[in-house]
>>> print(open('my_file.txt').read())   # compact mmCIF, C-alpha atoms
# COMPACT_ATOMS: atom_id res chain seq x y z
CA MET A 24 -188.93 -103.49 -121.40
CA ILE A 25 -188.75 -102.28 -124.99
CA ASN A 26 -191.34 -103.90 -127.24
CA LEU A 27 -189.97 -104.45 -130.74
CA LYS A 28 -192.67 -104.34 -133.42
CA THR A 29 -193.07 -106.74 -136.31
CA ALA A 30 -193.34 -105.48 -139.88
CA HIS A 31 -197.10 -106.07 -139.70
CA GLU A 32 -197.40 -104.07 -136.50
CA ILE A 33 -195.39 -101.21 -137.99
CA ASP A 34 -197.74 -101.28 -140.97
CA LEU A 35 -200.73 -100.97 -138.63
CA MET A 36 -199.03 -98.09 -136.83
CA GLY A 37 -198.43 -96.50 -140.23
CA ARG A 38 -202.16 -96.65 -140.94
CA ALA A 39 -202.84 -94.93 -137.63
CA GLY A 40 -200.12 -92.40 -138.36
CA ASN A 41 -201.44 -91.61 -141.83
CA LEU A 42 -204.89 -90.92 -140.44
CA LEU A 43 -203.51 -88.69 -137.71
CA ALA A 44 -201.32 -86.82 -140.19
CA SER A 45 -204.38 -86.11 -142.33
CA VAL A 46 -205.89 -84.16 -139.44
CA LEU A 47 -203.03 -81.66 -139.32
CA PRO A 48 -203.73 -79.60 -142.50
CA PRO A 49 -207.36 -78.78 -141.55
CA LEU A 50 -206.23 -77.88 -138.03
CA ARG A 51 -203.44 -75.68 -139.34
CA GLU A 52 -205.89 -73.87 -141.64
CA ALA A 53 -208.31 -73.39 -138.75
CA CYS A 54 -205.68 -71.61 -136.62
CA VAL A 55 -206.89 -68.10 -137.43
CA PRO A 56 -207.48 -65.09 -135.19
CA GLY A 57 -210.71 -65.41 -133.25
CA ILE A 58 -211.13 -69.18 -133.24
CA LYS A 59 -211.58 -70.74 -129.81
CA THR A 60 -209.26 -73.54 -128.81
CA ILE A 61 -212.28 -75.75 -128.06
CA GLU A 62 -213.27 -75.39 -131.72
CA LEU A 63 -209.88 -76.77 -132.75
CA ASP A 64 -210.51 -79.68 -130.42
CA ARG A 65 -213.89 -80.39 -132.00
CA ILE A 66 -212.45 -80.30 -135.53
CA ALA A 67 -209.77 -82.81 -134.57
CA GLU A 68 -212.16 -85.14 -132.73
CA ARG A 69 -214.59 -85.21 -135.65
CA LEU A 70 -211.87 -85.98 -138.18
CA ILE A 71 -210.36 -88.69 -135.98
CA ARG A 72 -213.71 -90.38 -135.40
CA ASP A 73 -214.70 -90.04 -139.05
CA GLY A 74 -211.54 -91.98 -139.87
CA GLY A 75 -212.66 -94.84 -137.66
CA ALA A 76 -210.24 -94.14 -134.82
CA THR A 77 -210.58 -93.09 -131.18
CA PRO A 78 -209.15 -89.80 -129.84
CA GLY A 79 -206.38 -91.16 -127.65
CA PHE A 80 -206.02 -88.20 -125.31
CA LEU A 81 -209.70 -87.98 -124.31
CA GLY A 82 -209.86 -89.35 -120.78
CA TYR A 83 -206.18 -90.37 -120.75
CA HIS A 84 -205.22 -90.09 -117.07
CA GLY A 85 -208.27 -87.82 -116.81
CA PHE A 86 -207.40 -85.38 -119.60
CA PRO A 87 -210.72 -83.74 -120.55
CA ARG A 88 -210.26 -83.05 -124.29
CA SER A 89 -209.27 -84.83 -127.50
CA ILE A 90 -206.13 -82.78 -128.26
CA CYS A 91 -203.75 -80.45 -126.44
CA VAL A 92 -203.63 -76.80 -127.53
CA SER A 93 -200.85 -74.68 -126.00
CA ILE A 94 -200.28 -71.00 -126.82
CA ASN A 95 -197.12 -68.85 -126.63
CA ASP A 96 -195.54 -69.48 -123.20
CA GLU A 97 -197.56 -72.67 -122.80
CA ALA A 98 -195.22 -75.47 -123.82
CA VAL A 99 -197.42 -78.57 -123.77
CA HIS A 100 -200.62 -80.12 -122.45
CA GLY A 101 -202.84 -77.04 -122.77
CA ILE A 102 -206.55 -77.82 -122.29
CA PRO A 103 -208.82 -76.52 -125.08
CA GLY A 104 -211.48 -74.10 -123.87
CA ASN A 105 -212.96 -70.68 -124.63
CA ARG A 106 -209.64 -68.90 -125.13
CA LYS A 107 -209.44 -67.27 -128.55
CA VAL A 108 -206.41 -67.47 -130.80
CA ALA A 109 -204.94 -64.05 -131.64
CA ALA A 110 -202.78 -62.76 -134.48
CA GLY A 111 -199.10 -63.26 -133.68
CA ASP A 112 -199.69 -66.29 -131.45
CA LEU A 113 -197.72 -69.51 -131.54
CA VAL A 114 -200.20 -72.37 -131.25
CA SER A 115 -198.86 -75.83 -130.43
CA LEU A 116 -201.12 -78.75 -131.34
CA ASP A 117 -200.55 -82.21 -129.86
CA LEU A 118 -202.71 -85.05 -131.21
CA GLY A 119 -202.98 -88.76 -130.54
CA LEU A 120 -205.31 -91.51 -131.69
CA VAL A 121 -205.82 -95.25 -131.45
CA LEU A 122 -206.62 -97.29 -134.57
CA GLU A 123 -206.81 -101.08 -134.66
CA GLY A 124 -205.18 -101.26 -131.26
CA PHE A 125 -202.17 -99.06 -132.03
CA TRP A 126 -201.32 -95.50 -131.10
CA ALA A 127 -200.02 -92.63 -133.22
CA ASP A 128 -198.80 -89.35 -131.74
CA VAL A 129 -197.93 -86.15 -133.62
CA GLY A 130 -197.47 -82.45 -132.97
CA ILE A 131 -196.85 -79.13 -134.69
CA THR A 132 -196.59 -75.47 -133.74
CA VAL A 133 -198.39 -72.96 -135.96
CA GLY A 134 -197.63 -69.26 -136.28
CA VAL A 135 -200.86 -67.29 -136.58
CA GLY A 136 -200.63 -64.46 -139.09
CA LYS A 137 -197.53 -62.29 -138.81
CA ILE A 138 -195.27 -63.49 -136.01
CA SER A 139 -192.10 -62.02 -134.56
CA ARG A 140 -188.65 -62.83 -135.93
CA GLU A 141 -187.82 -64.61 -132.70
CA ALA A 142 -190.95 -66.74 -133.09
CA GLU A 143 -190.08 -67.55 -136.69
CA LYS A 144 -186.60 -68.63 -135.68
CA LEU A 145 -187.95 -70.70 -132.79
CA LEU A 146 -190.35 -72.54 -135.10
CA ARG A 147 -187.65 -73.22 -137.67
CA VAL A 148 -185.07 -74.46 -135.17
CA THR A 149 -187.54 -76.66 -133.31
CA GLU A 150 -188.75 -78.36 -136.49
CA GLU A 151 -185.17 -78.78 -137.69
CA ALA A 152 -184.28 -80.35 -134.34
CA LEU A 153 -187.01 -82.94 -134.81
CA TYR A 154 -185.52 -84.11 -138.11
CA VAL A 155 -181.97 -83.94 -136.78
CA GLY A 156 -183.09 -86.36 -134.08
CA ILE A 157 -184.99 -88.58 -136.50
CA ASP A 158 -181.89 -88.88 -138.68
CA LYS A 159 -180.12 -90.57 -135.75
CA ALA A 160 -182.87 -93.19 -135.30
CA LYS A 161 -180.97 -95.99 -137.03
CA PRO A 162 -180.19 -99.58 -136.04
CA GLY A 163 -176.84 -99.88 -134.31
CA GLY A 164 -176.93 -96.36 -132.92
CA TRP A 165 -177.76 -95.31 -129.40
CA LEU A 166 -180.74 -93.52 -127.91
CA GLY A 167 -178.36 -90.87 -126.62
CA ASP A 168 -177.40 -90.08 -130.21
CA ILE A 169 -180.96 -88.86 -130.84
CA SER A 170 -181.10 -86.87 -127.60
CA SER A 171 -177.68 -85.28 -128.06
CA ALA A 172 -178.32 -84.28 -131.67
CA ILE A 173 -181.52 -82.49 -130.71
CA GLN A 174 -179.92 -80.67 -127.79
CA LYS A 175 -176.89 -79.53 -129.78
CA HIS A 176 -179.00 -78.19 -132.64
CA VAL A 177 -181.29 -76.26 -130.31
CA GLU A 178 -178.59 -74.81 -128.07
CA ALA A 179 -176.44 -73.78 -131.04
CA SER A 180 -179.26 -71.38 -131.93
CA GLY A 181 -179.46 -69.91 -128.43
CA PHE A 182 -182.57 -71.77 -127.33
CA SER A 183 -183.11 -74.45 -124.67
CA VAL A 184 -184.78 -77.86 -124.46
CA ILE A 185 -187.25 -78.70 -121.72
CA ARG A 186 -185.83 -81.31 -119.32
CA GLN A 187 -188.92 -82.27 -117.31
CA PHE A 188 -190.83 -83.74 -120.26
CA VAL A 189 -189.49 -86.14 -122.87
CA GLY A 190 -190.40 -88.29 -125.85
CA HIS A 191 -191.24 -91.96 -125.45
CA GLY A 192 -191.69 -95.36 -126.95
CA ILE A 193 -195.13 -95.93 -128.44
CA GLY A 194 -197.20 -98.84 -129.75
CA ARG A 195 -200.15 -100.57 -128.15
CA GLN A 196 -199.71 -98.06 -125.34
CA MET A 197 -199.11 -94.35 -125.72
CA HIS A 198 -196.18 -94.38 -123.32
CA GLU A 199 -193.84 -97.33 -123.65
CA ASP A 200 -190.14 -97.80 -122.96
CA PRO A 201 -187.77 -96.17 -123.61
CA GLN A 202 -188.02 -92.53 -122.64
CA VAL A 203 -186.55 -90.25 -125.32
CA PRO A 204 -185.04 -87.11 -123.73
CA ASN A 205 -184.23 -84.08 -125.86
CA PHE A 206 -180.87 -83.75 -124.12
CA GLY A 207 -178.06 -86.17 -123.42
CA THR A 208 -174.75 -87.70 -124.43
CA PRO A 209 -173.96 -89.63 -127.62
CA GLY A 210 -173.51 -93.36 -127.02
CA THR A 211 -175.90 -93.51 -124.08
CA PRO A 212 -177.90 -96.80 -124.02
CA PRO A 213 -180.13 -98.40 -125.01
CA ARG A 214 -178.89 -99.54 -128.38
CA LEU A 215 -181.29 -98.73 -131.21
CA LYS A 216 -182.78 -101.76 -132.97
CA ALA A 217 -185.06 -102.37 -135.94
CA GLY A 218 -188.62 -102.69 -134.67
CA MET A 219 -188.40 -99.89 -132.11
CA THR A 220 -191.12 -97.25 -132.44
CA LEU A 221 -190.55 -93.86 -130.87
CA ALA A 222 -192.41 -90.61 -130.39
CA ILE A 223 -189.65 -88.05 -130.89
CA GLU A 224 -190.76 -84.61 -129.72
CA PRO A 225 -188.44 -81.64 -129.18
CA MET A 226 -189.98 -79.13 -126.76
CA VAL A 227 -187.99 -75.93 -127.10
CA ASN A 228 -188.06 -72.66 -125.19
CA ALA A 229 -186.80 -69.30 -126.39
CA GLY A 230 -185.42 -68.58 -122.93
CA SER A 231 -184.81 -70.78 -119.90
CA HIS A 232 -185.58 -74.49 -120.04
CA GLU A 233 -187.42 -74.23 -116.73
CA VAL A 234 -191.19 -74.80 -116.74
CA TYR A 235 -194.06 -75.00 -114.27
CA MET A 236 -197.55 -76.50 -114.21
CA LYS A 237 -200.64 -74.30 -114.10
CA PRO A 238 -203.26 -74.90 -111.37
CA ASP A 239 -205.36 -76.86 -113.90
CA GLY A 240 -202.94 -79.74 -113.31
CA TRP A 241 -202.07 -80.09 -116.98
CA THR A 242 -200.80 -76.99 -118.79
CA ILE A 243 -197.01 -76.60 -118.73
CA CYS A 244 -195.63 -73.05 -119.09
CA THR A 245 -192.21 -71.45 -119.29
CA VAL A 246 -191.06 -69.98 -115.97
CA ASP A 247 -189.72 -66.82 -117.61
CA GLY A 248 -192.78 -66.24 -119.81
CA GLY A 249 -190.79 -66.83 -122.99
CA LEU A 250 -192.16 -68.49 -126.10
CA SER A 251 -192.17 -72.24 -126.51
CA ALA A 252 -192.54 -74.47 -129.58
CA TYR A 253 -193.01 -78.18 -130.15
CA PHE A 254 -192.87 -80.65 -133.05
CA GLU A 255 -193.38 -84.41 -132.93
CA HIS A 256 -193.46 -87.49 -135.14
CA THR A 257 -194.05 -91.16 -134.48
CA VAL A 258 -191.06 -92.95 -135.99
CA ALA A 259 -190.26 -96.62 -136.63
CA ILE A 260 -186.65 -97.79 -136.74
CA THR A 261 -186.19 -100.19 -139.66
CA ASP A 262 -183.27 -101.97 -141.27
CA LYS A 263 -183.33 -99.22 -143.90
CA GLY A 264 -183.32 -96.42 -141.33
CA PRO A 265 -186.00 -94.21 -139.76
CA LEU A 266 -189.54 -94.40 -141.12
CA ILE A 267 -191.82 -91.48 -140.22
CA LEU A 268 -195.26 -92.94 -139.57
CA THR A 269 -197.02 -89.59 -139.08
CA ALA A 270 -195.71 -87.68 -142.08
CA GLN A 271 -198.30 -85.44 -143.73
CA PRO A 272 -199.62 -86.68 -147.08
CA THR A 273 -197.48 -84.25 -149.06
CA LEU A 274 -194.32 -85.63 -147.49
CA SER A 275 -192.52 -88.92 -147.90
CA ARG A 276 -192.81 -91.16 -144.85
CA SER A 277 -189.07 -91.67 -144.95
CA GLY A 278 -186.92 -88.67 -144.10
CA ARG A 279 -188.13 -85.14 -144.83
CA GLY A 280 -189.91 -85.87 -148.09
CA SER A 281 -187.15 -84.79 -150.41
>>> encode(input="my_file.txt", output="C-alpha cells")
Amino acid sequence: MINLKTAHEIDLMGRAGNLLASVLPPLREACVPGIKTIELDRIAERLIRDGGATPGFLGYHGFPRSICVSINDEAVHGIPGNRKVAAGDLVSLDLGLVLEGFWADVGITVGVGKISREAEKLLRVTEEALYVGIDKAKPGGWLGDISSAIQKHVEASGFSVIRQFVGHGIGRQMHEDPQVPNFGTPGTPPRLKAGMTLAIEPMVNAGSHEVYMKPDGWTICTVDGGLSAYFEHTVAITDKGPLILTAQPTLSRSGRGS
C-alpha cells in the first residue's frame, strides 16, 4: 500500500532531507587520497547526530555502519572499514537518517582527484539520469515514466542500469511501496499522485548491468569489474510537481536549482 503524505509530513521530511543534504559537502571534501572509508563513516555519523537525528543505516537489517561507501566496481552497500581511498577512485556515498520519525535518503558519487574520461562520463550521465527521472515525478503520470526515462538516458550513452536493486517509496519507513526501478515502460502503474514520496536512485554501470554480492553479505559489485556510479534524492510529488527534499543548500529544492 502506498502511503500518501500530508503537507505537514512532507515538511517534516524536508527538514530531515535538509539535514542529510548538509552532510554531503563535508563528506565530498573529505574524499581525498589516503582517507579510510571508516573515517568517512565517522564524519557522517557525527554530523547526523549533531543535527539531532539518528543514522538510519546503523543496525538496519544488521548493517554495521552509519553510511555505505562503495568504490569503483562496488555499486552499492559497501561497508566502511580500513580501505584507503586512492587518487582516480570513484567513491559512492549512500546516507540515510531519521529525524522526528521520518526518513531521508540521499547518495552521490565522487571522483577523487583526476579520474578517467570514462569515469567522468559515467558520473555525468548517472547524475543527469537522476534529474531526468525526477522530472517525470508529477501527478497524473505513471511510475513507469520515471523508470523508462532513466533507462533511456543511461542506455543512450552506452551504459547500463542495475536491475537487481531499485529505488523505493520512503517516509516513516526507509523502504515503503512502491518500488522504483531504473528500467521499464512508460505508462506502467501505479499512477503518480500528490503526496507520494520516493527515493529515486539510478545505479549505473559502465559495462554489463549484472552484479554480484561479496562474501560480506552486503557489498554489491559489477560482474565484469567495470566502474559503477550512483546518485539519489528523496523526492515528494506535489500538485506543483516534484520537490527535492534532499537538495544541497546551494541548490533549490525544486528541480535542479536553476
>>> axis_aligned_box(input="my_file.txt", around="segment 99-103 of chain A", padding_each_side="5 Å", output="AutoDock Vina command-line options")
--center_x -203.1 --center_y -78.3 --center_z -123.7 --size_x 21.4 --size_y 13.6 --size_z 12.8
>>> residues_around(input="my_file.txt", residues="Leu63 of chain A", least_positions_apart="5", cutoff="10 Å", atoms="all atoms listed in the file", output="list in words")
Pro49, Leu50, Arg51, Ala53, Cys54, Ile58, Glu68, Ser89, Ile90, Cys91, Val92, Pro103, Gly104 and Leu116 of chain A
>>> residues_around(input="my_file.txt", residues="segment 245-257 of chain A", least_positions_apart="5", cutoff="7 Å", atoms="all atoms listed in the file", output="number ranges by chain")
A: 95-98, 115, 127-132, 145-146, 149-150, 153, 221-231, 233-235, 267-269
>>> atom_distance(input="my_file.txt", atom1="atom CA of Ile25 of chain A", atom2="atom CA of Gln174 of chain A")
23.5 Å
>>> closest_residue(input="my_file.txt", among="A:Ser93, A:Gln202, A:Ser180, A:Asn105", to="Ile243 of chain A", atoms="all atoms listed in the file")
A:Ser93
>>> residues_near_point(input="my_file.txt", point="(-181.3, -78.7, -128.1)", cutoff="10 Å", atoms="only C-alpha atoms", output="list in words")
Val148, Thr149, Ala152, Leu153, Gly156, Ser170, Ser171, Ala172, Ile173, Gln174, Lys175, His176, Val177, Glu178, Ala179, Ser180, Gly181, Phe182, Ser183, Val184, Ile185, Asn205, Phe206, Gly207, Pro225, Met226, Val227 and Asn228 of chain A
>>> closest_residue(input="my_file.txt", among="A:Pro204, A:Gly75, A:Gly85, A:Pro56", to="Leu113 of chain A", atoms="all atoms listed in the file")
A:Pro56
>>> atom_distance(input="my_file.txt", atom1="atom CA of Ser139 of chain A", atom2="atom CA of Glu151 of chain A")
18.4 Å
>>> atom_distance(input="my_file.txt", atom1="atom CA of Leu42 of chain A", atom2="atom CA of Val121 of chain A")
10.0 Å
>>> residues_around(input="my_file.txt", residues="Pro78 of chain A", least_positions_apart="5", cutoff="10 Å", atoms="only C-alpha atoms", output="list in words")
Leu43, Ala67, Glu68, Arg69, Leu70, Ile71, Arg72, Tyr83, Arg88, Ser89, Ile90, Leu118, Gly119, Leu120, Val121, Leu122 and Trp126 of chain A
>>> closest_residue(input="my_file.txt", among="A:Asp112, A:Glu52, A:Glu123, A:Asp34", to="Gly74 of chain A", atoms="only C-alpha atoms")
A:Glu123
>>> closest_residue(input="my_file.txt", among="A:Gly163, A:Pro213, A:Gly37, A:Pro87", to="Asp262 of chain A", atoms="only C-alpha atoms")
A:Gly163
>>> closest_residue(input="my_file.txt", among="A:Ala270, A:Ile61, A:Ala217, A:Val135", to="Ile33 of chain A", atoms="all atoms listed in the file")
A:Ala217
>>> closest_residue(input="my_file.txt", among="A:Val108, A:Gly124, A:Asp64, A:Tyr154", to="Val46 of chain A", atoms="only C-alpha atoms")
A:Asp64
